[in-house]
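Following: one structure in structure tokens, then a few remarks.
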Amino acid sequence: MFYYFDPTTILLLPAILLALIAQVRVSSTFNHYRNVPARSGLTGAEMARQLLESEGINNVAIERVSGQLTDHYDPRTLTLRLSESTFDSASVAALGVAAH
């Protein structure tokens with residue numbers, strides 16, 4: 001059987017490795033700081049709302065979505081979706097993710 005070798009595969013492998021390393025580091029850092037309480041006492045959802053309102057953005061909804069680190073903004077529906085681990089948490093990690 002003949003296998004075709006594409007030289008661009010050599011470029012792709014380091015990119016995949018770098019992406020995996022980045023994901024592990026993000027998850028590790030998040031897990032460490034999710035146990036550190038924020039001095040403000042605000043939850044991720046409250047922080048996101050305050051930041052949006054401070055910039056005069058009042059038409060963006062904030063919703064809870066299942067999972068961990070599944071936070072994202074949907075420009076089609078003007079919705080900021082925060083994962084369960086961010087939405088209700090008052091940790092440093094939750095505020096960092098919500099503010100990002």
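Identifiers for the structure tokens are assigned positionally: chains receive A, B, ... in sequence, residues are indexed from 1 per chain, and ligands are indexed from 1 in the order shown.
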field: Exercise: region 54-67 of chain A partners within 9 Å, only C-alpha atoms, chain neighbours under 6 positions left out, as a list in words
entry: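 Surrounding residues, per the criterion: Ala45, Ala48, Thr77, Leu78, Thr79, Leu80, Arg81, Leu82, Ser83, Glu84, Ser85, Thr86, Phe87 and Asp88 of chain A.
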Next, write the just-selected residues to a file, as an mmCIF file, in the first residue's frame, keeping N, CA and C atoms as the atom set.
```cif
data_model
loop_
_atom_site.group_PDB
_atom_site.id
_atom_site.type_symbol
_atom_site.label_atom_id
_atom_site.label_comp_id
_atom_site.auth_asym_id
_atom_site.auth_seq_id
_atom_site.Cartn_x
_atom_site.Cartn_y
_atom_site.Cartn_z
ATOM 1 N N ALA A 45 -20.708 36.332 36.713
ATOM 2 C CA ALA A 45 -21.831 36.973 36.017
ATOM 3 C C ALA A 45 -21.971 38.434 36.450
ATOM 4 N N ALA A 48 -19.129 40.469 34.855
ATOM 5 C CA ALA A 48 -19.376 40.691 33.426
ATOM 6 C C ALA A 48 -20.421 41.787 33.226
ATOM 7 N N THR A 77 -26.613 36.589 18.619
ATOM 8 C CA THR A 77 -27.709 36.798 19.560
ATOM 9 C C THR A 77 -27.361 37.806 20.649
ATOM 10 N N LEU A 78 -26.186 38.426 20.543
ATOM 11 C CA LEU A 78 -25.708 39.381 21.563
ATOM 12 C C LEU A 78 -25.789 38.755 22.954
ATOM 13 N N THR A 79 -25.180 37.565 23.086
ATOM 14 C CA THR A 79 -25.241 36.827 24.340
ATOM 15 C C THR A 79 -23.849 36.415 24.783
ATOM 16 N N LEU A 80 -23.531 36.716 26.040
ATOM 17 C CA LEU A 80 -22.305 36.249 26.671
ATOM 18 C C LEU A 80 -22.678 35.008 27.467
ATOM 19 N N ARG A 81 -22.075 33.892 27.116
ATOM 20 C CA ARG A 81 -22.379 32.644 27.807
ATOM 21 C C ARG A 81 -21.197 32.265 28.689
ATOM 22 N N LEU A 82 -21.478 32.168 29.975
ATOM 23 C CA LEU A 82 -20.448 31.830 30.964
ATOM 24 C C LEU A 82 -20.687 30.418 31.472
ATOM 25 N N SER A 83 -19.626 29.635 31.551
ATOM 26 C CA SER A 83 -19.740 28.263 32.039
ATOM 27 C C SER A 83 -20.148 28.257 33.501
ATOM 28 N N GLU A 84 -20.629 27.111 33.934
ATOM 29 C CA GLU A 84 -21.075 26.965 35.326
ATOM 30 C C GLU A 84 -19.969 27.322 36.306
ATOM 31 N N SER A 85 -18.725 26.990 35.958
ATOM 32 C CA SER A 85 -17.606 27.252 36.849
ATOM 33 C C SER A 85 -17.224 28.731 36.882
ATOM 34 N N THR A 86 -17.808 29.538 36.033
ATOM 35 C CA THR A 86 -17.540 30.983 36.014
ATOM 36 C C THR A 86 -18.751 31.779 36.472
ATOM 37 N N PHE A 87 -19.928 31.396 36.035
ATOM 38 C CA PHE A 87 -21.145 32.161 36.249
ATOM 39 C C PHE A 87 -21.417 32.445 37.734
ATOM 40 N N ASP A 88 -21.417 31.414 38.557
ATOM 41 C CA ASP A 88 -21.789 31.560 39.975
ATOM 42 C C ASP A 88 -20.607 31.670 40.923
#
```
query: So which bits of chain A end up helix (DSSP H, G or I) when you DSSP the backbone, as a VMD selection string?
result: chain A and resid 8 to 33 44 to 54 84 to 87 92 to 99
Select from chain A everything DSSP, run on the backbone, classes as strand (DSSP E), then give the selection as a compact mmCIF listing (two decimals) with C-alpha atoms, in the first residue's frame.
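Okay, this is what ended up in selection_24.txt:
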```txt
# COMPACT_ATOMS: atom_id res chain seq x y z
CA ALA A 61 -27.57 39.06 27.71
CA ILE A 62 -25.54 36.91 30.10
CA GLU A 63 -26.44 33.22 30.31
CA ARG A 64 -25.13 30.13 32.09
CA VAL A 65 -23.86 27.30 29.88
CA HIS A 72 -17.96 32.48 24.81
CA TYR A 73 -19.71 35.45 23.24
CA ASP A 74 -22.31 34.88 20.52
CA THR A 79 -25.24 36.83 24.34
CA LEU A 80 -22.31 36.25 26.67
CA ARG A 81 -22.38 32.64 27.81
CA LEU A 82 -20.45 31.83 30.96
CA SER A 83 -19.74 28.26 32.04
```
message: as a list in words, please: the residues near Ala38 (chain A) (cut-off 6 Å, only C-alpha atoms, same-chain neighbours under 5 positions excluded).
response: Ala90, Ser91 and Val92 of chain A
